[in-house]
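Printed here is protein.cif (mmCIF, C-alpha atoms and all ligand atoms):
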```
data_coords
loop_
_atom_site.label_atom_id
_atom_site.label_comp_id
_atom_site.auth_asym_id
_atom_site.auth_seq_id
_atom_site.Cartn_x
_atom_site.Cartn_y
_atom_site.Cartn_z
CA MET I 231 0.00 0.00 0.00
CA ILE I 232 2.73 2.43 1.01
CA GLU I 233 5.01 1.35 -1.80
CA THR I 234 2.42 2.05 -4.47
CA THR I 235 1.47 5.37 -2.88
CA ILE I 236 4.96 6.75 -2.69
CA GLY I 237 6.34 4.74 -5.55
CA LEU I 238 9.96 5.24 -6.29
CA GLU I 239 9.94 8.87 -5.22
CA ILE I 240 11.78 8.09 -2.03
CA ILE I 241 14.78 7.16 -4.13
CA GLU I 242 14.93 10.77 -5.27
CA VAL I 243 14.64 11.92 -1.68
CA VAL I 244 17.79 10.09 -0.63
CA GLU I 245 19.55 10.87 -3.92
CA GLN I 246 18.99 14.61 -3.53
CA ALA I 247 20.23 14.55 0.06
CA ALA I 248 23.31 12.55 -0.92
CA ILE I 249 24.19 14.83 -3.85
CA ALA I 250 23.83 17.95 -1.71
CA SER I 251 26.01 16.51 1.03
CA ALA I 252 28.62 15.07 -1.34
CA LYS I 253 29.35 18.59 -2.57
CA TRP I 254 30.87 19.12 0.88
CA MET I 255 32.84 15.89 0.94
CA GLY I 256 36.34 16.38 2.26
CA MET I 257 35.76 20.03 3.13
CA GLY I 258 36.11 19.50 6.86
CA GLU I 259 32.71 21.06 7.58
CA LYS I 260 30.47 18.44 9.10
CA ASP I 261 27.63 20.79 10.04
CA THR I 262 27.30 22.13 6.50
CA ALA I 263 27.47 18.62 5.01
CA ASP I 264 24.58 17.74 7.34
CA GLU I 265 22.52 20.91 6.86
CA VAL I 266 22.48 20.77 3.07
CA ALA I 267 21.43 17.12 3.18
CA VAL I 268 18.58 17.95 5.56
CA GLU I 269 17.40 20.82 3.36
CA ALA I 270 17.52 18.77 0.17
CA MET I 271 15.74 15.82 1.77
CA ARG I 272 13.00 18.01 3.17
CA GLU I 273 12.47 19.91 -0.09
CA ARG I 274 12.07 16.71 -2.13
CA MET I 275 9.91 15.04 0.52
CA ASN I 276 7.51 17.95 0.50
CA LYS I 277 6.82 17.35 -3.19
CA ILE I 278 5.48 13.85 -2.58
CA ASN I 279 1.73 13.26 -2.39
CA MET I 280 1.78 11.83 1.10
CA ARG I 281 0.80 12.58 4.67
CA GLY I 282 4.06 12.02 6.47
CA ARG I 283 5.26 12.72 9.99
CA ILE I 284 8.87 12.64 11.13
CA VAL I 285 9.26 10.26 14.09
CA ILE I 286 13.04 10.10 14.04
CA GLY I 287 14.71 13.21 12.75
CA GLU I 288 17.29 15.87 13.20
CA GLY I 289 15.72 17.72 16.09
CA GLU I 290 17.05 16.15 19.23
CA ARG I 291 20.77 15.72 18.57
CA ASP I 292 21.45 18.87 16.60
CA ASP I 293 18.62 21.09 17.78
CA ALA I 294 17.84 21.58 14.10
CA PRO I 295 14.84 23.50 12.79
CA MET I 296 14.13 21.10 9.91
CA LEU I 297 12.97 17.51 9.77
CA TYR I 298 12.42 17.76 13.49
CA ILE I 299 10.49 15.10 15.35
CA GLY I 300 6.80 15.71 14.80
CA GLU I 301 7.24 17.76 11.62
CA GLU I 302 4.64 16.96 8.98
CA VAL I 303 5.98 16.39 5.51
CA GLY I 304 4.45 15.80 2.10
CA VAL I 305 2.14 17.81 -0.15
CA CYS I 306 -0.91 16.43 1.62
CA THR I 307 0.05 17.89 4.98
CA GLN I 308 0.28 21.48 3.70
CA PRO I 309 -2.50 23.96 4.55
CA ASN I 310 -3.59 24.06 0.89
CA ALA I 311 -3.43 20.26 0.56
CA LYS I 312 -6.98 20.04 -0.77
CA ASP I 313 -5.88 21.85 -3.97
CA PHE I 314 -3.56 18.97 -4.79
CA CYS I 315 -4.93 15.81 -3.25
CA ASN I 316 -7.59 14.35 -1.08
CA PRO I 317 -5.72 13.89 2.21
CA ASP I 318 -8.52 11.74 3.59
CA GLU I 319 -7.79 9.09 0.98
CA LEU I 320 -4.16 8.78 2.02
CA ILE I 321 -2.95 6.79 4.97
CA GLU I 322 -0.75 8.58 7.46
CA ILE I 323 2.85 7.44 7.43
CA ASP I 324 5.73 7.74 9.86
CA ILE I 325 9.22 8.50 8.64
CA ALA I 326 12.63 8.06 10.28
CA VAL I 327 15.38 10.06 8.60
CA ASP I 328 19.11 10.49 8.81
CA PRO I 329 19.85 12.75 5.83
CA CYS I 330 23.58 12.53 6.46
CA GLU I 331 24.48 9.37 8.37
CA GLY I 332 28.18 9.75 9.06
CA THR I 333 28.69 13.52 8.93
CA ASN I 334 32.32 13.14 10.02
CA LEU I 335 32.88 10.62 7.25
CA VAL I 336 31.64 13.13 4.68
CA ALA I 337 33.60 16.00 6.18
CA TYR I 338 36.84 14.03 6.09
CA GLY I 339 36.24 12.15 2.84
CA GLN I 340 36.01 8.72 4.45
CA ASN I 341 33.96 5.72 3.40
CA GLY I 342 30.58 4.62 4.71
CA SER I 343 28.31 7.69 4.77
CA MET I 344 24.81 7.67 3.32
CA ALA I 345 21.52 9.56 3.18
CA VAL I 346 18.95 7.22 4.67
CA LEU I 347 15.31 6.91 5.68
CA ALA I 348 12.73 4.36 6.73
CA ILE I 349 8.95 4.58 6.30
CA SER I 350 5.99 2.73 7.72
CA GLU I 351 2.35 3.26 8.55
CA LYS I 352 1.58 5.53 11.51
CA GLY I 353 2.97 3.86 14.64
CA GLY I 354 5.01 1.37 12.63
CA LEU I 355 8.44 2.64 13.71
CA PHE I 356 9.70 2.81 17.30
CA ALA I 357 10.10 6.50 18.16
CA ALA I 358 13.46 6.04 19.85
CA PRO I 359 14.87 8.87 21.92
CA ASP I 360 18.29 10.17 20.95
CA PHE I 361 19.92 7.85 23.46
CA TYR I 362 22.53 5.19 22.90
CA MET I 363 21.57 1.66 21.95
CA LYS I 364 23.43 -1.59 22.37
CA LYS I 365 23.12 -3.39 19.05
CA LEU I 366 23.61 -6.82 17.57
CA ALA I 367 23.23 -7.37 13.84
CA ALA I 368 23.95 -10.59 12.00
CA PRO I 369 23.11 -12.35 8.72
CA PRO I 370 19.72 -14.03 8.10
CA ALA I 371 21.24 -17.48 8.70
CA ALA I 372 21.99 -16.49 12.29
CA LYS I 373 18.64 -14.78 12.97
CA GLY I 374 17.19 -15.85 16.29
CA HIS I 375 20.29 -17.90 17.12
CA VAL I 376 22.65 -15.13 18.19
CA ASP I 377 21.37 -13.14 21.14
CA ILE I 378 22.33 -9.75 22.55
CA ASN I 379 21.99 -11.22 26.07
CA LYS I 380 24.75 -13.70 25.35
CA SER I 381 28.43 -12.85 25.52
CA ALA I 382 30.39 -11.94 22.40
CA THR I 383 32.27 -15.23 22.84
CA GLU I 384 29.06 -17.25 22.74
CA ASN I 385 27.69 -15.27 19.80
CA ILE I 386 30.83 -15.84 17.79
CA LYS I 387 30.54 -19.57 18.39
CA ILE I 388 26.89 -19.47 17.29
CA LEU I 389 27.73 -17.35 14.24
CA SER I 390 30.48 -19.75 13.33
CA GLU I 391 28.00 -22.67 13.40
CA CYS I 392 25.22 -20.82 11.57
CA LEU I 393 27.49 -19.45 8.84
CA LYS I 394 29.62 -22.60 8.63
CA ARG I 395 32.80 -20.58 9.07
CA LYS I 396 35.60 -20.88 11.55
CA PRO I 397 35.76 -17.97 14.03
CA GLU I 398 38.83 -16.65 12.24
CA GLU I 399 36.77 -16.47 9.05
CA LEU I 400 34.36 -14.05 10.71
CA VAL I 401 34.60 -10.25 10.71
CA VAL I 402 32.78 -8.24 13.39
CA VAL I 403 32.32 -4.49 13.00
CA VAL I 404 32.65 -2.43 16.16
CA MET I 405 32.65 1.35 16.53
CA ASP I 406 36.09 2.57 17.52
CA ARG I 407 35.21 3.95 20.94
CA SER I 408 36.82 3.53 24.35
CA ARG I 409 33.54 2.05 25.64
CA HIS I 410 34.26 -0.97 23.44
CA GLU I 411 37.76 -1.80 24.70
CA ASP I 412 36.69 -4.96 26.52
CA LEU I 413 34.32 -6.02 23.75
CA ILE I 414 37.08 -5.76 21.15
CA LYS I 415 39.45 -7.82 23.31
CA GLU I 416 36.77 -10.47 23.80
CA ILE I 417 35.96 -10.75 20.09
CA ARG I 418 39.64 -11.15 19.26
CA ALA I 419 40.11 -13.71 22.01
CA ALA I 420 37.18 -15.68 20.59
CA GLY I 421 39.12 -15.90 17.32
CA ALA I 422 37.14 -13.50 15.13
CA ARG I 423 38.61 -10.45 13.47
CA VAL I 424 37.45 -6.92 14.21
CA ARG I 425 36.81 -4.13 11.78
CA LEU I 426 36.82 -0.83 13.60
CA ILE I 427 34.78 2.02 12.19
CA SER I 428 34.93 5.62 13.30
CA ASP I 429 31.27 6.34 12.41
CA GLY I 430 28.38 5.00 10.38
CA ASP I 431 26.93 1.92 12.05
CA VAL I 432 23.83 1.84 9.81
CA SER I 433 26.02 0.80 6.91
CA ALA I 434 27.66 -1.85 9.08
CA ALA I 435 24.34 -3.31 10.25
CA LEU I 436 22.97 -3.38 6.73
CA SER I 437 26.10 -5.06 5.40
CA CYS I 438 25.48 -8.05 7.69
CA ALA I 439 22.36 -8.93 5.70
CA PHE I 440 24.24 -9.41 2.42
CA SER I 441 26.77 -12.15 1.92
CA GLY I 442 29.83 -11.07 0.02
CA THR I 443 30.38 -7.97 2.15
CA ASN I 444 32.79 -9.81 4.45
CA ILE I 445 30.94 -8.33 7.42
CA HIS I 446 29.31 -10.96 9.62
CA ALA I 447 28.17 -9.03 12.66
CA LEU I 448 27.85 -5.61 14.23
CA MET I 449 28.36 -5.50 17.98
CA GLY I 450 28.50 -2.67 20.49
CA ILE I 451 26.86 0.63 21.28
CA GLY I 452 25.81 3.28 18.76
CA ALA I 453 22.92 5.71 18.60
CA ALA I 454 19.33 4.54 19.09
CA PRO I 455 17.74 6.40 16.14
CA GLU I 456 20.23 4.74 13.79
CA GLY I 457 19.27 1.44 15.45
CA VAL I 458 15.64 1.87 14.41
CA ILE I 459 16.61 2.74 10.84
CA SER I 460 18.93 -0.29 10.69
CA ALA I 461 16.18 -2.50 12.14
CA ALA I 462 13.77 -1.39 9.41
CA ALA I 463 16.15 -2.65 6.74
CA MET I 464 17.02 -5.82 8.64
CA ARG I 465 13.37 -6.66 9.17
CA CYS I 466 12.73 -6.47 5.40
CA LEU I 467 15.87 -8.46 4.60
CA GLY I 468 15.28 -11.15 7.25
CA GLY I 469 18.53 -10.30 9.00
CA HIS I 470 19.08 -10.42 12.75
CA PHE I 471 18.84 -7.16 14.67
CA GLN I 472 18.40 -6.53 18.38
CA GLY I 473 18.70 -3.28 20.25
CA GLN I 474 18.62 -2.29 23.90
CA LEU I 475 18.48 1.33 25.05
CA ILE I 476 21.35 2.58 27.18
CA TYR I 477 20.27 5.09 29.79
CA ASP I 478 22.99 4.73 32.40
CA PRO I 479 25.74 7.36 31.98
CA ALA I 480 28.17 4.95 33.65
CA VAL I 481 27.99 2.75 30.52
CA VAL I 482 28.60 5.53 28.00
CA LYS I 483 30.09 8.49 29.72
CA THR I 484 29.68 11.10 27.00
CA GLY I 485 27.38 12.08 24.24
CA LEU I 486 23.73 11.44 23.69
CA ILE I 487 22.27 10.89 27.15
CA GLY I 488 21.94 13.12 30.16
CA GLU I 489 24.26 12.92 33.14
CA SER I 490 21.84 11.35 35.58
CA ARG I 491 20.55 7.80 35.35
CA GLU I 492 17.35 8.83 37.14
CA GLY I 493 16.81 11.77 34.78
CA ASN I 494 17.26 9.51 31.79
CA LEU I 495 14.87 6.94 33.20
CA ALA I 496 12.30 9.66 33.87
CA ARG I 497 12.59 10.77 30.27
CA LEU I 498 11.97 7.25 29.02
CA THR I 499 8.91 6.94 31.27
CA GLU I 500 7.61 10.24 29.91
CA MET I 501 7.93 8.80 26.43
CA GLY I 502 5.85 5.79 27.45
CA ILE I 503 8.78 3.37 27.64
CA THR I 504 7.82 1.33 30.68
CA ASP I 505 10.53 -1.31 30.46
CA PRO I 506 13.79 0.57 29.84
CA ASP I 507 15.84 -2.65 29.76
CA LYS I 508 13.74 -4.32 27.10
CA VAL I 509 15.61 -5.95 24.24
CA TYR I 510 13.84 -5.02 21.02
CA ASN I 511 14.12 -7.11 17.90
CA ALA I 512 13.85 -5.83 14.32
CA GLU I 513 10.14 -6.67 14.12
CA GLU I 514 9.45 -4.59 17.26
CA LEU I 515 11.54 -1.61 16.22
CA ALA I 516 9.93 -1.61 12.77
CA SER I 517 6.58 -3.21 13.50
CA GLY I 518 4.39 -1.73 10.76
CA GLU I 519 2.62 -3.91 8.25
CA THR I 520 4.67 -2.32 5.48
CA VAL I 521 8.19 -1.07 5.92
CA LEU I 522 10.28 0.71 3.31
CA PHE I 523 13.93 1.63 3.57
CA ALA I 524 15.97 3.79 1.21
CA ALA I 525 19.63 4.80 1.29
CA CYS I 526 21.96 6.55 -1.14
CA GLY I 527 25.72 6.48 -0.74
CA ILE I 528 27.36 9.84 -0.10
CA THR I 529 30.91 8.51 0.15
CA PRO I 530 31.74 4.99 -1.12
CA GLY I 531 30.54 2.15 1.07
CA THR I 532 30.33 -1.62 1.24
CA LEU I 533 26.97 -1.74 -0.53
CA MET I 534 26.81 1.44 -2.57
CA ASN I 535 29.12 3.75 -4.41
CA GLY I 536 29.35 7.30 -3.24
CA VAL I 537 28.19 10.24 -5.37
CA ARG I 538 30.46 10.69 -8.40
CA PHE I 539 30.31 14.09 -10.04
CA PHE I 540 31.25 14.61 -13.68
CA HIS I 541 31.09 17.65 -15.95
CA GLY I 542 27.38 18.51 -16.08
CA GLY I 543 26.06 15.77 -13.87
CA ALA I 544 26.46 13.15 -11.18
CA ARG I 545 25.95 9.46 -10.70
CA THR I 546 24.45 7.96 -7.56
CA GLN I 547 23.82 4.51 -6.23
CA SER I 548 20.93 3.77 -3.91
CA LEU I 549 19.33 0.82 -2.22
CA VAL I 550 15.57 0.62 -1.74
CA ILE I 551 14.17 -2.21 0.32
CA SER I 552 10.48 -3.03 0.64
CA SER I 553 8.69 -5.48 2.89
CA GLN I 554 5.67 -5.14 0.61
CA SER I 555 7.24 -6.42 -2.58
CA SER I 556 10.06 -8.30 -0.79
CA THR I 557 12.63 -6.55 -2.92
CA ALA I 558 16.02 -4.96 -2.41
CA ARG I 559 16.61 -2.75 -5.45
CA PHE I 560 20.03 -1.35 -6.19
CA VAL I 561 19.39 1.77 -8.24
CA ASP I 562 22.09 3.38 -10.32
CA THR I 563 21.11 6.88 -11.47
CA VAL I 564 22.67 9.43 -13.79
CA HIS I 565 21.62 12.95 -12.87
CA MET I 566 21.94 15.37 -15.78
CA PHE I 567 22.25 18.87 -14.38
CA ASP I 568 23.42 20.78 -17.50
CA LYS I 569 23.03 18.57 -20.56
CA PRO I 570 26.38 16.86 -20.16
CA GLU I 571 28.29 16.11 -23.38
CA ASN I 572 29.39 12.79 -22.12
CA ILE I 573 27.50 10.19 -20.06
CA GLN I 574 29.58 7.25 -19.09
CA LEU I 575 28.00 3.80 -19.20
CA ARG I 576 29.36 2.82 -15.76
O1 LIG O 1 28.37 7.50 13.36
C1 LIG O 1 27.27 7.88 13.59
C2 LIG O 1 27.02 9.32 13.57
O2 LIG O 1 25.81 9.69 12.91
P1 LIG O 1 25.59 11.20 12.42
O3 LIG O 1 25.51 12.06 13.63
O4 LIG O 1 24.25 11.07 11.74
O5 LIG O 1 26.66 11.55 11.49
C3 LIG O 1 26.22 6.87 13.89
O6 LIG O 1 26.31 5.84 12.96
C4 LIG O 1 26.35 6.23 15.28
O7 LIG O 1 25.33 5.29 15.48
C5 LIG O 1 26.16 7.09 16.48
O8 LIG O 1 25.55 8.30 16.14
C6 LIG O 1 27.28 7.23 17.39
O9 LIG O 1 27.78 6.04 17.91
C7 LIG O 1 26.96 8.10 18.58
O10 LIG O 1 28.00 8.94 18.65
P2 LIG O 1 29.28 8.70 19.62
O11 LIG O 1 28.90 9.30 20.91
O12 LIG O 1 30.37 9.42 18.92
O13 LIG O 1 29.55 7.24 19.69
MN MN O 2 23.62 9.12 11.96
MN MN O 3 23.10 12.41 10.60
#
```

Would you mind writing the file's structure down as structure tokens?
Ligand SMILES: O=C(COP(=O)(O)O)[C@@H](O)[C@H](O)[C@H](O)[C@H](O)COP(=O)(O)O
Ligand SMILES: [Mn+2]
Ligand SMILES: [Mn+2]
Amino acid sequence: MIETTIGLEIIEVVEQAAIASAKWMGMGEKDTADEVAVEAMRERMNKINMRGRIVIGEGERDDAPMLYIGEEVGVCTQPNAKDFCNPDELIEIDIAVDPCEGTNLVAYGQNGSMAVLAISEKGGLFAAPDFYMKKLAAPPAAKGHVDINKSATENIKILSECLKRKPEELVVVVMDRSRHEDLIKEIRAAGARVRLISDGDVSAALSCAFSGTNIHALMGIGAAPEGVISAAAMRCLGGHFQGQLIYDPAVVKTGLIGESREGNLARLTEMGITDPDKVYNAEELASGETVLFAACGITPGTLMNGVRFFHGGARTQSLVISSQSSTARFVDTVHMFDKPENIQLR
């Protein structure tokens, strides 16, 4: 239902955000790389005949005025909507966005950044606070076998059995943060190899669902909003994803959560989260009947190329995943800005 309503327009949404941000690649200005992506994403989204509401957006972390949580997007949410569409005929949809996932990666010209979003019917995406989240992602063959409550050692053994690989043939992605020192030691001691990333754990989670990426698991703590977006993709792809909110500042001493455990717990209660220790699986974080996910590479990544500019145009690569049609479409697009003289085949 959602897929036919919005069609392939969401590809353009992530493409426009990625192109805008890629213009700032390597310029050392992370805020600008982020802002232009947000603006481009919002502008294109507001041209779609839909009644959308942002449930995960820019607001909390960056105090940004656009694509904030609760913002209504789409032609059919505008005051003059009735001139263009019949809003009553359209279902309301919830949208989780990260227009520039990996702002540091873009600013410093490093791999793994993307413009990304997830969509579902109203209430179909967990409205996660901008807290941390402990995450475990793994390939479909290990779904339901690995478990975030088990130790990394146990999970590596399970992964090894499910994927029919020796531990040393496994690669686990972990964010390069001091909070992961013990985790990294444990993974290595269990025989698996560790790929450390400075940012961009959505790309890492997603990569677990595709064989051939040489990424077999994501372990450790990243941001909760990115966890929901990753879960949306993993749910559609049948991959394993679990997430658990982190509210205790003793676990992650800096960053997204407040300084008091009690204050953080109170905030979760206010948001209606009654069991703060709950382990959510992909189907709970993205529970809607229909879930769509779209991403476009800004800088090169495991699954998608980054934006490549040429004289008069650009080429992008996106990934659109739908639970409705059970498809994962890799979309390669040539954008012709000024009638380029030369369009390369690949
Ligand atoms: O790397 C990330 C940054 O995202 P963005 O702000 O959109 O560029 C995310 O993939 C991480 O999940 C997460 O935001 C990060 O782990 C939280 O930041 P930190 O406190 O540096 O670990
Ligand atoms: Mn992000
Ligand atoms: Mn971002």

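Distances from I:Pro369, I:Gly282, I:Gly339, I:Asn316 to Glu301 in chain I were compared using only C-alpha atoms, and the smallest one belongs to I:Gly282.
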
Could you give me the axis-aligned bounding box of ligand LIG 1 (chain O), with 8 Å of padding per side, as centre plus edge lengths in Å to one decimal, as JSON?
```
{"center_x": 27.3, "center_y": 8.7, "center_z": 16.2, "size_x": 22.1, "size_y": 22.8, "size_z": 25.4}
```

Please write out the residues within 9 Å of ligand MN 3 (chain O) as a PyMOL selection string, counting all atoms listed in the file.
chain I and resi 264+267-268+287-288+291-292+327-333+344-346+456

Have a look at CA of Phe523 in chain I and CA of Gly468 in chain I and let me know their distance in Å, one decimal.
13.4 Å

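Closest to ligand LIG 1 (chain O) among I:Ala439, I:Ile503, I:Ala372, I:Val403 is I:Val403, based on all atoms listed in the file.
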
Check every protein, DNA and RNA residue against ligand LIG 1 (chain O), keep those with an atom at most 7 Å away (counting all atoms listed in the file), and present them as a VMD selection string.
chain I and resid 328 330 to 334 362 405 407 428 to 432 451 to 453 456 484 to 486

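Straight-line separation from CA of Thr557 in chain I to CA of Ala247 in chain I: 22.6 Å.
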
List every protein, DNA or RNA residue with an atom no more than 10 Å from (24.6, -16.9, 19.8) in the file's coordinates, counting all atoms listed in the file, and format the result as a ChimeraX atom specification.
/I:372-392

Quick one: residues within 8 Å of Glu398 in chain I, only C-alpha atoms counted, chain neighbours fewer than 4 positions away excluded, as a ChimeraX atom specification?
/I:421-423

Protein/DNA/RNA residues near (-2.9, 15.7, -5.5), cut 10 Å, all atoms listed in the file, as JSON, numbers by chain:
{"I": [278, 279, 280, 305, 306, 311, 312, 313, 314, 315, 316, 317]}

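Closest to ligand MN 2 (chain O) among I:Gly488, I:Gly542, I:Pro309, I:Gly342 is I:Gly342, based on only C-alpha atoms and all ligand atoms.
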
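Nearest-residue note for ligand MN 2 (chain O): choosing from I:Leu238, I:Ala252, I:Ile459, I:Val244, the minimum distance belongs to I:Ile459, counting all atoms listed in the file.
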
Range 366-441 of chain I dumped to file, C-alpha atoms, as a PDB file, in the first residue's frame:
```pdb
ATOM      1  CA  LEU I 366      23.609  -6.815  17.574  1.00  0.00           C
ATOM      2  CA  ALA I 367      23.230  -7.367  13.843  1.00  0.00           C
ATOM      3  CA  ALA I 368      23.950 -10.593  11.996  1.00  0.00           C
ATOM      4  CA  PRO I 369      23.109 -12.352   8.717  1.00  0.00           C
ATOM      5  CA  PRO I 370      19.717 -14.030   8.096  1.00  0.00           C
ATOM      6  CA  ALA I 371      21.244 -17.485   8.703  1.00  0.00           C
ATOM      7  CA  ALA I 372      21.987 -16.487  12.289  1.00  0.00           C
ATOM      8  CA  LYS I 373      18.640 -14.778  12.965  1.00  0.00           C
ATOM      9  CA  GLY I 374      17.192 -15.849  16.286  1.00  0.00           C
ATOM     10  CA  HIS I 375      20.292 -17.902  17.124  1.00  0.00           C
ATOM     11  CA  VAL I 376      22.650 -15.133  18.187  1.00  0.00           C
ATOM     12  CA  ASP I 377      21.368 -13.136  21.140  1.00  0.00           C
ATOM     13  CA  ILE I 378      22.334  -9.747  22.549  1.00  0.00           C
ATOM     14  CA  ASN I 379      21.987 -11.223  26.072  1.00  0.00           C
ATOM     15  CA  LYS I 380      24.746 -13.699  25.351  1.00  0.00           C
ATOM     16  CA  SER I 381      28.429 -12.852  25.516  1.00  0.00           C
ATOM     17  CA  ALA I 382      30.395 -11.944  22.398  1.00  0.00           C
ATOM     18  CA  THR I 383      32.275 -15.231  22.844  1.00  0.00           C
ATOM     19  CA  GLU I 384      29.057 -17.246  22.744  1.00  0.00           C
ATOM     20  CA  ASN I 385      27.691 -15.272  19.801  1.00  0.00           C
ATOM     21  CA  ILE I 386      30.833 -15.839  17.786  1.00  0.00           C
ATOM     22  CA  LYS I 387      30.544 -19.568  18.393  1.00  0.00           C
ATOM     23  CA  ILE I 388      26.890 -19.472  17.286  1.00  0.00           C
ATOM     24  CA  LEU I 389      27.731 -17.352  14.236  1.00  0.00           C
ATOM     25  CA  SER I 390      30.477 -19.750  13.328  1.00  0.00           C
ATOM     26  CA  GLU I 391      27.998 -22.666  13.402  1.00  0.00           C
ATOM     27  CA  CYS I 392      25.219 -20.825  11.567  1.00  0.00           C
ATOM     28  CA  LEU I 393      27.489 -19.454   8.841  1.00  0.00           C
ATOM     29  CA  LYS I 394      29.620 -22.598   8.627  1.00  0.00           C
ATOM     30  CA  ARG I 395      32.799 -20.584   9.070  1.00  0.00           C
ATOM     31  CA  LYS I 396      35.601 -20.879  11.553  1.00  0.00           C
ATOM     32  CA  PRO I 397      35.756 -17.967  14.027  1.00  0.00           C
ATOM     33  CA  GLU I 398      38.825 -16.652  12.237  1.00  0.00           C
ATOM     34  CA  GLU I 399      36.767 -16.472   9.048  1.00  0.00           C
ATOM     35  CA  LEU I 400      34.364 -14.048  10.710  1.00  0.00           C
ATOM     36  CA  VAL I 401      34.595 -10.251  10.710  1.00  0.00           C
ATOM     37  CA  VAL I 402      32.784  -8.240  13.387  1.00  0.00           C
ATOM     38  CA  VAL I 403      32.319  -4.493  13.002  1.00  0.00           C
ATOM     39  CA  VAL I 404      32.652  -2.433  16.162  1.00  0.00           C
ATOM     40  CA  MET I 405      32.653   1.349  16.533  1.00  0.00           C
ATOM     41  CA  ASP I 406      36.092   2.574  17.520  1.00  0.00           C
ATOM     42  CA  ARG I 407      35.209   3.951  20.944  1.00  0.00           C
ATOM     43  CA  SER I 408      36.815   3.529  24.354  1.00  0.00           C
ATOM     44  CA  ARG I 409      33.541   2.047  25.643  1.00  0.00           C
ATOM     45  CA  HIS I 410      34.261  -0.973  23.439  1.00  0.00           C
ATOM     46  CA  GLU I 411      37.765  -1.801  24.696  1.00  0.00           C
ATOM     47  CA  ASP I 412      36.689  -4.961  26.515  1.00  0.00           C
ATOM     48  CA  LEU I 413      34.317  -6.022  23.752  1.00  0.00           C
ATOM     49  CA  ILE I 414      37.084  -5.760  21.153  1.00  0.00           C
ATOM     50  CA  LYS I 415      39.448  -7.824  23.315  1.00  0.00           C
ATOM     51  CA  GLU I 416      36.773 -10.469  23.804  1.00  0.00           C
ATOM     52  CA  ILE I 417      35.958 -10.752  20.091  1.00  0.00           C
ATOM     53  CA  ARG I 418      39.639 -11.147  19.258  1.00  0.00           C
ATOM     54  CA  ALA I 419      40.115 -13.706  22.011  1.00  0.00           C
ATOM     55  CA  ALA I 420      37.184 -15.680  20.586  1.00  0.00           C
ATOM     56  CA  GLY I 421      39.117 -15.903  17.324  1.00  0.00           C
ATOM     57  CA  ALA I 422      37.138 -13.500  15.135  1.00  0.00           C
ATOM     58  CA  ARG I 423      38.610 -10.446  13.467  1.00  0.00           C
ATOM     59  CA  VAL I 424      37.452  -6.917  14.212  1.00  0.00           C
ATOM     60  CA  ARG I 425      36.807  -4.134  11.776  1.00  0.00           C
ATOM     61  CA  LEU I 426      36.818  -0.831  13.600  1.00  0.00           C
ATOM     62  CA  ILE I 427      34.776   2.020  12.188  1.00  0.00           C
ATOM     63  CA  SER I 428      34.933   5.616  13.296  1.00  0.00           C
ATOM     64  CA  ASP I 429      31.269   6.335  12.407  1.00  0.00           C
ATOM     65  CA  GLY I 430      28.375   4.997  10.376  1.00  0.00           C
ATOM     66  CA  ASP I 431      26.934   1.923  12.046  1.00  0.00           C
ATOM     67  CA  VAL I 432      23.827   1.841   9.807  1.00  0.00           C
ATOM     68  CA  SER I 433      26.025   0.803   6.906  1.00  0.00           C
ATOM     69  CA  ALA I 434      27.662  -1.853   9.080  1.00  0.00           C
ATOM     70  CA  ALA I 435      24.338  -3.312  10.249  1.00  0.00           C
ATOM     71  CA  LEU I 436      22.972  -3.385   6.725  1.00  0.00           C
ATOM     72  CA  SER I 437      26.101  -5.063   5.397  1.00  0.00           C
ATOM     73  CA  CYS I 438      25.476  -8.053   7.686  1.00  0.00           C
ATOM     74  CA  ALA I 439      22.365  -8.934   5.701  1.00  0.00           C
ATOM     75  CA  PHE I 440      24.241  -9.405   2.416  1.00  0.00           C
ATOM     76  CA  SER I 441      26.766 -12.146   1.924  1.00  0.00           C
TER      77      SER I 441
END
```
